[in-house]
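J.: See input.txt below, with compact mmCIF, C-alpha atoms.
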# COMPACT_ATOMS: atom_id res chain seq x y z
CA MET I 1 -99.72 -43.76 -44.36
CA SER I 2 -100.26 -43.85 -48.11
CA PRO I 3 -99.89 -40.61 -50.09
CA SER I 4 -103.65 -40.46 -50.73
CA ASP I 5 -104.42 -41.01 -47.02
CA LEU I 6 -101.98 -38.24 -46.13
CA SER I 7 -103.57 -35.92 -48.69
CA ALA I 8 -107.03 -36.61 -47.27
CA GLU I 9 -105.78 -35.85 -43.75
CA LEU I 10 -104.13 -32.64 -44.96
CA VAL I 11 -107.35 -31.49 -46.60
CA THR I 12 -109.17 -32.06 -43.29
CA LEU I 13 -106.47 -30.10 -41.51
CA LEU I 14 -106.50 -27.18 -43.98
CA PRO I 15 -108.85 -24.85 -42.07
CA ARG I 16 -106.71 -25.17 -38.94
CA LEU I 17 -103.47 -24.74 -40.89
CA ARG I 18 -104.85 -21.53 -42.37
CA ARG I 19 -105.88 -20.28 -38.92
CA PHE I 20 -102.47 -21.13 -37.49
CA ALA I 21 -100.67 -19.35 -40.34
CA ARG I 22 -102.99 -16.36 -40.03
CA ALA I 23 -102.05 -16.06 -36.36
CA LEU I 24 -98.34 -16.00 -37.24
CA THR I 25 -98.38 -13.59 -40.17
CA ARG I 26 -100.06 -10.23 -40.50
CA ASN I 27 -101.12 -10.71 -44.08
CA PRO I 28 -103.73 -13.32 -45.16
CA HIS I 29 -101.98 -13.82 -48.51
CA ASP I 30 -98.67 -14.49 -46.79
CA ALA I 31 -100.51 -16.91 -44.52
CA ASP I 32 -101.89 -18.92 -47.44
CA ASP I 33 -98.51 -18.93 -49.17
CA LEU I 34 -97.07 -20.34 -45.99
CA VAL I 35 -99.74 -23.04 -45.83
CA GLN I 36 -99.06 -23.98 -49.42
CA LEU I 37 -95.34 -24.29 -48.76
CA ALA I 38 -96.01 -26.41 -45.66
CA LEU I 39 -98.33 -28.72 -47.60
CA GLU I 40 -95.75 -29.22 -50.33
CA ARG I 41 -93.04 -29.93 -47.80
CA ALA I 42 -95.29 -32.30 -45.84
CA LEU I 43 -96.05 -34.35 -48.95
CA ALA I 44 -92.38 -34.37 -49.93
CA ARG I 45 -91.44 -35.60 -46.44
CA ALA I 46 -94.28 -38.07 -45.97
CA HIS I 47 -91.70 -40.82 -45.33
CA GLN I 48 -90.52 -38.96 -42.20
CA LEU I 49 -93.94 -39.15 -40.54
CA ARG I 50 -93.84 -41.77 -37.79
CA PRO I 51 -96.96 -43.94 -37.71
CA ASP I 52 -97.67 -43.07 -34.08
CA ALA I 53 -97.01 -39.32 -34.43
CA ALA I 54 -99.89 -36.86 -34.32
CA LEU I 55 -100.31 -35.55 -37.83
CA ALA I 56 -101.44 -32.08 -36.80
CA GLY I 57 -98.34 -31.47 -34.67
CA TRP I 58 -96.10 -32.76 -37.44
CA VAL I 59 -97.58 -30.42 -40.04
CA PHE I 60 -97.66 -27.48 -37.61
CA GLY I 61 -93.95 -28.12 -37.07
CA ILE I 62 -93.31 -28.05 -40.82
CA LEU I 63 -95.28 -24.82 -41.14
CA ARG I 64 -93.31 -23.34 -38.25
CA HIS I 65 -90.03 -24.17 -40.02
CA ALA I 66 -91.31 -22.66 -43.26
CA TRP I 67 -92.22 -19.50 -41.33
CA ILE I 68 -88.78 -19.27 -39.73
CA ASP I 69 -87.21 -19.68 -43.19
CA GLU I 70 -89.44 -16.92 -44.48
CA LEU I 71 -88.50 -14.60 -41.62
CA ARG I 72 -84.80 -15.23 -42.30
CA ALA I 73 -85.28 -14.53 -45.98
CA ARG I 74 -87.14 -11.31 -45.13
CA ALA I 75 -84.35 -10.20 -42.85
CA ARG I 76 -81.91 -10.83 -45.69
CA ARG I 77 -84.05 -8.92 -48.19
CA GLU I 78 -84.34 -6.02 -45.78
CA ARG I 79 -80.58 -5.83 -45.61
CA VAL I 80 -80.30 -5.88 -49.38
CA PHE I 81 -83.12 -3.41 -50.00
CA ALA I 82 -82.64 -1.33 -46.90
CA PRO I 83 -82.83 2.08 -48.63
CA GLU I 84 -86.35 1.45 -50.01
CA GLU I 85 -87.87 -0.47 -47.13
CA SER I 86 -86.51 1.22 -44.07
CA GLY I 87 -88.63 4.29 -44.78
CA GLN I 88 -91.82 2.22 -44.89
CA ASN I 89 -91.07 0.48 -41.63
CA VAL I 90 -90.51 3.73 -39.83
CA GLY I 91 -93.92 4.95 -41.04
CA ASP I 92 -95.64 1.78 -39.82
CA ALA I 93 -94.12 1.96 -36.38
CA GLY I 94 -95.10 5.60 -35.99
CA GLN I 95 -98.72 4.94 -36.88
CA GLY I 96 -98.96 1.92 -34.59
CA ALA I 97 -97.63 3.83 -31.62
CA GLN I 98 -100.45 6.35 -31.87
CA VAL I 99 -103.16 3.71 -31.58
CA GLU I 100 -104.10 3.33 -27.96
CA ARG I 101 -105.67 -0.07 -28.06
CA LEU I 102 -104.31 -2.56 -30.52
CA SER I 103 -106.34 -5.14 -32.35
CA VAL I 104 -105.71 -8.71 -31.26
CA HIS I 105 -103.94 -9.36 -34.55
CA ASP I 106 -101.66 -6.35 -34.17
CA ALA I 107 -100.86 -7.36 -30.62
CA MET I 108 -99.95 -10.88 -31.77
CA ALA I 109 -97.71 -9.44 -34.47
CA ARG I 110 -95.78 -7.48 -31.84
CA LEU I 111 -94.92 -10.51 -29.75
CA PRO I 112 -91.49 -12.05 -30.16
CA GLN I 113 -91.82 -14.96 -32.61
CA ASP I 114 -91.32 -17.66 -29.98
CA GLN I 115 -94.12 -16.25 -27.86
CA CYS I 116 -96.41 -15.74 -30.83
CA LEU I 117 -95.91 -19.40 -31.80
CA ALA I 118 -96.65 -20.58 -28.27
CA VAL I 119 -99.91 -18.60 -28.18
CA ALA I 120 -100.94 -19.80 -31.65
CA LEU I 121 -100.28 -23.45 -30.80
CA VAL I 122 -101.79 -23.61 -27.31
CA LEU I 123 -104.38 -20.85 -27.01
CA ILE I 124 -105.64 -20.87 -30.58
CA GLU I 125 -104.95 -24.38 -31.91
CA GLY I 126 -105.57 -26.05 -28.59
CA LEU I 127 -102.48 -28.25 -28.55
CA SER I 128 -101.47 -29.63 -25.18
CA TYR I 129 -98.35 -28.21 -23.54
CA LYS I 130 -96.52 -31.41 -24.41
CA GLU I 131 -97.53 -31.34 -28.09
CA ALA I 132 -96.72 -27.64 -28.44
CA ALA I 133 -93.31 -28.09 -26.80
CA GLN I 134 -92.57 -30.88 -29.29
CA VAL I 135 -93.60 -28.73 -32.25
CA MET I 136 -91.32 -25.94 -31.03
CA GLY I 137 -88.53 -28.30 -30.06
CA VAL I 138 -88.20 -26.89 -26.53
CA PRO I 139 -88.59 -28.32 -23.01
CA LEU I 140 -92.01 -28.04 -21.37
CA GLY I 141 -90.82 -25.39 -18.91
CA THR I 142 -89.59 -23.17 -21.74
CA LEU I 143 -92.97 -23.41 -23.42
CA THR I 144 -94.93 -22.54 -20.26
CA SER I 145 -92.72 -19.57 -19.43
CA ARG I 146 -93.07 -18.26 -23.00
CA LEU I 147 -96.81 -18.66 -22.72
CA ALA I 148 -96.89 -16.78 -19.42
CA ARG I 149 -94.81 -13.89 -20.80
CA ALA I 150 -96.87 -13.77 -24.00
CA ARG I 151 -100.13 -13.60 -22.07
CA GLU I 152 -98.85 -10.83 -19.88
CA ALA I 153 -97.72 -8.85 -22.93
CA LEU I 154 -101.00 -9.45 -24.78
CA GLN I 155 -103.09 -8.43 -21.77
CA ALA I 156 -101.04 -5.23 -21.47
CA MET I 157 -101.34 -4.41 -25.19
CA LEU I 158 -105.07 -5.15 -25.20
CA GLY I 159 -105.72 -2.98 -22.17
CA GLU I 160 -106.53 -5.89 -19.88
CA SER I 161 -103.58 -5.95 -17.51
CA MET E 1 -106.90 -19.94 2.15
CA MET E 2 -105.03 -21.98 -0.38
CA THR E 3 -103.00 -19.96 -2.90
CA PHE E 4 -102.18 -20.93 -6.45
CA SER E 5 -99.24 -19.76 -8.52
CA ASP E 6 -99.85 -17.87 -11.77
CA GLU E 7 -98.48 -20.88 -13.57
CA THR E 8 -101.11 -23.11 -11.98
CA VAL E 9 -103.89 -20.68 -12.88
CA LEU E 10 -102.71 -20.64 -16.51
CA ALA E 11 -102.46 -24.44 -16.55
CA TYR E 12 -106.02 -24.57 -15.23
CA VAL E 13 -107.29 -22.32 -18.04
CA ASP E 14 -105.34 -24.43 -20.54
CA GLY E 15 -106.82 -27.67 -19.24
CA GLU E 16 -103.45 -28.98 -18.09
CA LEU E 17 -104.11 -29.59 -14.37
CA ASP E 18 -104.59 -33.00 -12.82
CA ASP E 19 -108.05 -33.72 -11.39
CA ALA E 20 -107.16 -33.10 -7.74
CA THR E 21 -105.49 -29.72 -8.30
CA ARG E 22 -108.29 -28.65 -10.61
CA ALA E 23 -110.92 -29.49 -8.02
CA ALA E 24 -108.99 -27.61 -5.34
CA LEU E 25 -108.65 -24.56 -7.55
CA GLU E 26 -112.33 -24.55 -8.48
CA LEU E 27 -113.24 -24.77 -4.81
CA ALA E 28 -110.97 -21.83 -4.00
CA MET E 29 -112.44 -19.75 -6.83
CA ALA E 30 -115.80 -19.80 -5.09
CA THR E 31 -114.44 -17.74 -2.22
CA ASP E 32 -111.36 -16.02 -3.66
CA SER E 33 -112.56 -13.25 -5.96
CA ASP E 34 -109.02 -12.30 -7.06
CA LEU E 35 -108.42 -15.84 -8.20
CA ALA E 36 -111.79 -15.95 -9.93
CA GLU E 37 -111.02 -12.67 -11.71
CA HIS E 38 -107.60 -13.93 -12.79
CA VAL E 39 -109.19 -17.00 -14.34
CA ALA E 40 -111.88 -14.88 -15.98
CA ARG E 41 -109.27 -12.51 -17.45
CA GLU E 42 -107.32 -15.40 -18.96
CA ARG E 43 -110.54 -16.85 -20.37
CA ARG E 44 -111.39 -13.49 -21.95
CA LEU E 45 -107.98 -13.45 -23.64
CA ARG E 46 -108.58 -16.93 -25.05
CA ALA E 47 -112.04 -15.85 -26.22
CA ARG E 48 -110.65 -12.73 -27.92
CA LEU E 49 -108.00 -14.75 -29.71
CA HIS E 50 -110.63 -17.20 -30.92
CA SER E 51 -113.03 -14.51 -32.07
CA GLU E 52 -110.18 -12.92 -34.02
CA PHE E 53 -108.89 -16.05 -35.73
CA ASP E 54 -111.75 -18.59 -35.78
CA PRO E 55 -113.57 -16.92 -38.69
CA VAL E 56 -110.72 -18.25 -40.87
CA LEU E 57 -112.10 -21.76 -40.27
CA ALA E 58 -115.33 -20.88 -42.06
CA GLU E 59 -113.70 -19.21 -45.06
CA PRO E 60 -113.79 -21.12 -48.34
CA ILE E 61 -110.47 -22.83 -48.97
CA PRO E 62 -108.61 -21.51 -52.03
CA GLU E 63 -108.45 -24.06 -54.84
CA GLN E 64 -104.69 -23.75 -54.94
CA LEU E 65 -104.38 -24.95 -51.34
CA LEU E 66 -106.68 -27.91 -51.97
CA ALA E 67 -104.53 -28.78 -54.97
CA ALA E 68 -101.39 -28.46 -52.85
CA ALA E 69 -102.82 -30.80 -50.20
CA LYS E 70 -103.59 -33.33 -52.91
CA GLY E 71 -100.13 -32.95 -54.40
CA THR E 72 -101.50 -31.78 -57.73
CA SER E 73 -100.28 -28.20 -57.72
CA ALA E 74 -96.68 -28.82 -58.83
CA LYS E 75 -97.46 -28.25 -62.45
CA ALA E 76 -99.13 -24.92 -61.92
CA ARG E 77 -96.14 -23.67 -60.02
CA SER E 78 -93.48 -25.10 -62.30
CA ASP E 79 -94.88 -23.25 -65.29
CA TYR E 80 -92.73 -20.34 -64.31
CA ILE E 81 -90.03 -22.10 -62.40
CA ILE E 82 -87.08 -24.19 -63.34
CA TRP E 83 -85.38 -26.21 -60.66
CA LEU E 84 -81.97 -26.42 -62.20
CA LYS E 85 -80.44 -28.09 -59.19
CA ARG E 86 -82.78 -31.05 -59.49
CA ILE E 87 -81.64 -31.80 -63.00
CA PRO E 88 -78.49 -33.93 -63.20
CA ALA E 89 -76.03 -31.48 -64.57
CA ARG E 90 -73.80 -33.28 -67.00
CA HIS E 91 -75.66 -35.99 -68.84
CA TRP E 92 -79.05 -34.77 -69.79
CA SER E 93 -80.94 -37.42 -71.66
CA TRP E 94 -83.46 -36.59 -74.33
CA PRO E 95 -86.43 -37.40 -72.09
CA GLN E 96 -85.11 -34.91 -69.54
CA TRP E 97 -84.59 -32.28 -72.17
CA SER E 98 -88.06 -32.79 -73.56
CA ALA E 99 -89.56 -32.68 -70.07
CA VAL E 100 -87.95 -29.33 -69.52
CA ALA E 101 -88.80 -28.15 -73.01
CA ALA E 102 -92.41 -29.14 -72.49
CA SER E 103 -92.80 -26.81 -69.58
CA LEU E 104 -93.75 -23.29 -70.37
CA ILE E 105 -90.54 -21.95 -69.02
CA LEU E 106 -88.09 -23.11 -71.62
CA GLY E 107 -90.34 -22.08 -74.47
CA VAL E 108 -91.26 -18.67 -73.23
CA LEU E 109 -88.80 -17.73 -70.59
CA ILE E 110 -85.48 -19.38 -71.20
CA ALA E 111 -85.29 -19.93 -74.94
CA PRO E 112 -84.84 -16.27 -75.81
CA LEU E 113 -82.00 -16.09 -73.29
CA LEU E 114 -80.28 -19.28 -74.27
CA ARG E 115 -77.76 -19.77 -77.03
CA HIS E 116 -75.47 -22.66 -77.72
CA GLU E 117 -72.83 -20.37 -79.14
CA PRO E 118 -71.17 -17.80 -76.92
CA THR E 119 -72.90 -14.54 -77.71
CA GLY E 120 -74.13 -11.58 -75.80
CA GLU E 121 -77.04 -13.62 -74.39
CA PRO E 122 -77.15 -13.96 -70.60
CA LEU E 123 -77.24 -17.77 -70.55
CA GLY E 124 -75.33 -20.43 -72.40
CA ILE E 125 -75.03 -24.21 -72.29
CA ARG E 126 -71.71 -25.95 -71.91
CA ASP E 127 -71.35 -29.66 -71.21
CA GLY E 128 -75.03 -29.83 -70.34
CA GLU E 129 -74.86 -27.11 -67.72
CA ILE E 130 -76.51 -23.74 -67.91
CA LEU E 131 -73.92 -21.05 -67.34
CA ALA E 132 -74.10 -17.31 -67.13
CA SER E 133 -72.61 -15.59 -70.14
CA GLY E 134 -72.32 -12.16 -71.65
CA ALA E 135 -73.43 -9.23 -69.53
CA LEU E 136 -74.78 -11.49 -66.79
CA ALA E 137 -71.45 -13.31 -66.34
CA HIS E 138 -69.65 -10.00 -66.36
CA ALA E 139 -71.95 -8.49 -63.74
CA LEU E 140 -71.68 -11.56 -61.51
CA SER E 141 -67.92 -11.36 -61.60
CA GLU E 142 -67.50 -7.60 -61.33
CA GLN E 143 -70.58 -5.89 -59.90
CA LEU E 144 -70.83 -5.25 -56.17
CA ALA E 145 -74.29 -5.22 -54.59
CA SER E 146 -73.10 -2.48 -52.31
CA ASN E 147 -72.19 -0.25 -55.23
CA GLN E 148 -74.27 -0.69 -58.37
CA ALA E 149 -76.13 1.70 -60.61
CA ALA E 150 -79.91 1.69 -60.22
CA GLU E 151 -80.31 1.39 -64.01
CA ALA E 152 -77.75 -1.41 -64.45
CA PRO E 153 -79.25 -4.18 -66.65
CA VAL E 154 -78.26 -6.79 -64.08
CA HIS E 155 -79.04 -6.21 -60.42
CA VAL E 156 -76.92 -8.31 -58.07
CA GLY E 157 -78.60 -9.24 -54.78
CA VAL E 158 -76.99 -11.25 -52.01
CA SER E 159 -73.68 -13.08 -52.17
CA PHE E 160 -72.88 -15.94 -49.84
CA LEU E 161 -70.78 -19.03 -49.31
CA SER E 162 -72.66 -22.21 -50.15
CA ARG E 163 -72.63 -25.59 -48.49
CA ASN E 164 -70.56 -26.77 -51.44
CA GLY E 165 -67.85 -24.29 -50.51
CA ASP E 166 -68.25 -22.00 -53.49
CA TYR E 167 -69.54 -18.46 -53.77
CA CYS E 168 -73.11 -17.95 -54.94
CA ARG E 169 -74.88 -14.73 -55.92
CA THR E 170 -78.51 -13.87 -56.65
CA PHE E 171 -79.35 -11.64 -59.57
CA THR E 172 -82.27 -10.03 -61.36
CA LEU E 173 -82.26 -9.19 -65.04
CA ARG E 174 -83.86 -5.80 -65.48
CA ASP E 175 -84.61 -6.11 -69.19
CA LYS E 176 -87.72 -7.53 -70.83
CA SER E 177 -86.80 -11.11 -69.91
CA ALA E 178 -87.80 -10.40 -66.28
CA VAL E 179 -86.03 -13.33 -64.66
CA ALA E 180 -84.17 -13.69 -61.42
CA GLY E 181 -81.83 -16.43 -60.40
CA LEU E 182 -79.03 -17.80 -58.32
CA ALA E 183 -75.60 -18.54 -59.79
CA CYS E 184 -72.70 -20.33 -58.12
CA ARG E 185 -69.04 -20.07 -58.99
CA GLU E 186 -67.59 -23.13 -60.66
CA GLY E 187 -64.04 -22.72 -61.88
CA GLU E 188 -64.08 -19.65 -64.07
CA SER E 189 -67.83 -19.83 -64.74
CA TRP E 190 -71.09 -19.03 -62.99
CA ARG E 191 -73.36 -22.07 -63.02
CA LEU E 192 -77.10 -21.42 -62.66
CA ALA E 193 -78.57 -23.04 -59.55
CA ALA E 194 -82.06 -21.58 -59.86
CA LEU E 195 -83.92 -19.39 -62.27
CA ALA E 196 -87.48 -18.10 -62.18
CA ALA E 197 -89.66 -15.47 -63.75
CA THR E 198 -90.14 -12.33 -61.77
CA GLY E 199 -92.96 -11.31 -64.07
CA PRO E 200 -96.34 -13.02 -63.74
CA ALA E 201 -95.61 -14.70 -60.42
CA THR E 202 -98.67 -14.89 -58.24
CA SER E 203 -99.13 -15.92 -54.66
CA ALA E 204 -101.20 -18.87 -53.49
CA SER E 205 -104.16 -16.57 -53.15
CA GLY E 206 -103.76 -15.28 -56.68
CA GLU E 207 -102.65 -11.86 -55.64
CA TYR E 208 -100.08 -10.25 -57.89
CA LYS E 209 -96.72 -9.78 -56.28
CA PRO E 210 -94.58 -6.96 -57.60
CA ALA E 211 -91.12 -8.18 -58.41
CA ALA E 212 -89.10 -5.16 -57.54
CA SER E 213 -88.39 -5.75 -53.89
CA SER E 214 -88.20 -9.52 -53.64
CA LEU E 215 -86.83 -12.55 -55.39
CA PRO E 216 -89.15 -15.30 -56.63
CA PRO E 217 -89.80 -17.86 -53.89
CA VAL E 218 -87.97 -20.59 -55.78
CA VAL E 219 -84.82 -18.50 -55.83
CA GLU E 220 -85.20 -17.56 -52.18
CA GLY E 221 -85.74 -21.25 -51.45
CA SER E 222 -82.52 -22.18 -53.22
CA VAL E 223 -80.67 -19.56 -51.21
CA ASP E 224 -82.12 -21.00 -48.01
CA GLU E 225 -81.01 -24.49 -48.98
CA LEU E 226 -77.50 -23.54 -50.03
CA ILE E 227 -76.49 -20.76 -47.68
CA VAL E 228 -74.05 -21.31 -44.83
CA GLY E 229 -74.06 -18.56 -42.21
CA ASP E 230 -74.95 -15.02 -43.15
CA PRO E 231 -74.70 -13.36 -46.55
CA LEU E 232 -71.45 -11.52 -47.28
CA ASP E 233 -71.36 -7.94 -46.12
CA ALA E 234 -70.01 -5.22 -48.39
CA LYS E 235 -66.45 -5.73 -47.22
CA ALA E 236 -66.49 -9.51 -47.63
CA GLU E 237 -68.16 -9.15 -51.03
CA ALA E 238 -65.41 -6.83 -52.25
CA ALA E 239 -62.75 -9.16 -50.85
CA ALA E 240 -64.29 -12.17 -52.61
CA ARG E 241 -64.34 -10.27 -55.91
CA GLY E 242 -60.72 -9.24 -55.36
CA ASN E 243 -59.84 -12.91 -55.03
CA GLY E 244 -61.67 -13.85 -58.26
CA TRP E 245 -64.49 -15.57 -56.30
CA ARG E 246 -62.11 -18.37 -55.31
CA ARG E 247 -61.89 -19.59 -51.73
In structure tokens, write the structure found in this file.
T.:
Amino acid sequence: MSPSDLSAELVTLLPRLRRFARALTRNPHDADDLVQLALERALARAHQLRPDAALAGWVFGILRHAWIDELRARARRERVFAPEESGQNVGDAGQGAQVERLSVHDAMARLPQDQCLAVALVLIEGLSYKEAAQVMGVPLGTLTSRLARAREALQAMLGES
Amino acid sequence: MMTFSDETVLAYVDGELDDATRAALELAMATDSDLAEHVARERRLRARLHSEFDPVLAEPIPEQLLAAAKGTSAKARSDYIIWLKRIPARHWSWPQWSAVAASLILGVLIAPLLRHEPTGEPLGIRDGEILASGALAHALSEQLASNQAAEAPVHVGVSFLSRNGDYCRTFTLRDKSAVAGLACREGESWRLAALAATGPATSASGEYKPAASSLPPVVEGSVDELIVGDPLDAKAEAAARGNGWRR
């Protein structure tokens, strides 16, 4: 695929990339930053895209990696800036616990990352089990059991269990 | 009555069943109200997720993301960023120098910090490499992240062992230069691996990001690329300093 073809495909994919990122992060600005990073990395790695590979899955995979990098960096920053930030986190958790029914977004944010990704890829982005398992780099059975646990947790948090 | 596992019900809702199983499940739903309710509940969850996140699809796409998809956003970002690791360290040619000089960063951000003669300035050039000098070099060698004054002019962040086997440390200059960077130990010097403004950095969406609690993304990115394992804890940091930042 030529660089201009890839760019055109990425532009077409942009709304879905933004939705995917929004499902992973709590903050819309963080989500767009993540999309931007994924786009830059995708263009820089265009040579790694196999001709027969589904572009959406490939870019979702890049975005997923960027998100994992970001989470690692956040964990590191939290360690460095623990005195300032630990207070804020405690406040957040306390407020959340008082809310009886969570919003869908809040509930998603409380899932373990692996489960959140599985939900975003399959239930929101509509990838097949096989495609989603490839994006996450796990066997099919791992994906389906994550999905099952995530759904159970979401139903419970949303008052539907 | 035929029973279906939870896994099969979920696969049905996700459109993953083969034709025969799907037909059997749909037939059973007509008479098994528990099964029908299970399917309905899973469909409601899907619908709630879509009603929460689908509105994103209709939002206008920020210009900056369109530019990124077209590969034309590099310039906007590099105005405040210098990728020192991408520049061959020792033999900078004039075109390379002028390319760097042409970007906003060297004119506005770096030039005031940079001196060819050893002075009190935080950066210096030796053999074509940008090295920490003055108070910055001193802080990198002596200051411990676990024990530093809040008002210290240099704030040291994380220290870690890099893929290249040397110690690297992030720092933020708390004076008017408002830059943050990553420096790695090379012999008796600290070589700059990344440097970026902490000042007017904005996110993709144009929102201002306060610099106090985080490093610029380019510096974080360099850490991510170079780090091996976890950052040093306070004890390991002190031990590394005690050993002169040599392995």
J.: Please determine, counting only C-alpha atoms, which residue among I:Leu102, I:Ala156, I:Ala148, I:Ala54 has the shortest atom-to-atom distance to Asp6 of chain E.
T.: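 Among I:Leu102, I:Ala156, I:Ala148, I:Ala54, it is I:Ala148 that comes nearest to Asp6 of chain E.
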J.: How many Å separate atom CA of Ala8 of chain I from atom CA of Val56 of chain E?
T.: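 Separation between atom CA of Ala8 of chain I and atom CA of Val56 of chain E: 19.8 Å.
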J.: I need the chain I residues near chain E as an mmCIF file with C-alpha atoms, keeping the file's coordinate frame; criterion: at most 7 Å, counting only C-alpha atoms.
T.:
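Listed below is the output, iface28.cif:
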data_model
loop_
_atom_site.group_PDB
_atom_site.id
_atom_site.type_symbol
_atom_site.label_atom_id
_atom_site.label_comp_id
_atom_site.auth_asym_id
_atom_site.auth_seq_id
_atom_site.Cartn_x
_atom_site.Cartn_y
_atom_site.Cartn_z
ATOM 1 C CA SER I 7 -103.570 -35.920 -48.690
ATOM 2 C CA LEU I 10 -104.130 -32.640 -44.960
ATOM 3 C CA VAL I 11 -107.350 -31.490 -46.600
ATOM 4 C CA PRO I 15 -108.850 -24.850 -42.070
ATOM 5 C CA ARG I 16 -106.710 -25.170 -38.940
ATOM 6 C CA ARG I 18 -104.850 -21.530 -42.370
ATOM 7 C CA ARG I 19 -105.880 -20.280 -38.920
ATOM 8 C CA ALA I 23 -102.050 -16.060 -36.360
ATOM 9 C CA HIS I 29 -101.980 -13.820 -48.510
ATOM 10 C CA ASP I 32 -101.890 -18.920 -47.440
ATOM 11 C CA ASP I 33 -98.510 -18.930 -49.170
ATOM 12 C CA GLN I 36 -99.060 -23.980 -49.420
ATOM 13 C CA LEU I 39 -98.330 -28.720 -47.600
ATOM 14 C CA GLU I 40 -95.750 -29.220 -50.330
ATOM 15 C CA LEU I 43 -96.050 -34.350 -48.950
ATOM 16 C CA ALA I 73 -85.280 -14.530 -45.980
ATOM 17 C CA ARG I 77 -84.050 -8.920 -48.190
ATOM 18 C CA VAL I 80 -80.300 -5.880 -49.380
ATOM 19 C CA PHE I 81 -83.120 -3.410 -50.000
ATOM 20 C CA VAL I 104 -105.710 -8.710 -31.260
ATOM 21 C CA LEU I 123 -104.380 -20.850 -27.010
ATOM 22 C CA ILE I 124 -105.640 -20.870 -30.580
#
J.: Could you tell me how far atom CA of Leu195 of chain E sits from atom CA of Val179 of chain E, in Å to one decimal place?
T.: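 Separating atom CA of Val179 of chain E from atom CA of Leu195 of chain E is a distance of 6.8 Å.
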J.: What gap, in Å, lies between atom CA of Glu186 of chain E and atom CA of Asp166 of chain E?
T.: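 Between these atoms lies a distance of 7.3 Å.
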J.: Which residues are near Leu143 of chain I? Cut-off 7 Å, only C-alpha atoms, ignore same chain within fewer than 4 positions. Put them as a ChimeraX atom specification.
T.: /I:118,133,138-139,147
J.: Would you mind exporting C-alpha atoms of the selected residues as a CSV table (one decimal), in the frame of the given file?
T.:
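Below is the file result-v1.csv, written as the result:
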chain,number,residue,atom,x,y,z
I,118,ALA,CA,-96.6,-20.6,-28.3
I,133,ALA,CA,-93.3,-28.1,-26.8
I,138,VAL,CA,-88.2,-26.9,-26.5
I,139,PRO,CA,-88.6,-28.3,-23.0
I,147,LEU,CA,-96.8,-18.7,-22.7
J.: Residues within 7 Å of Leu63 of chain I, please, as a VMD selection string. Count only C-alpha atoms; anything in the same chain fewer than 3 positions from it doesn't count.
T.: chain I and resid 34 to 35 38 59 to 60 66 to 67
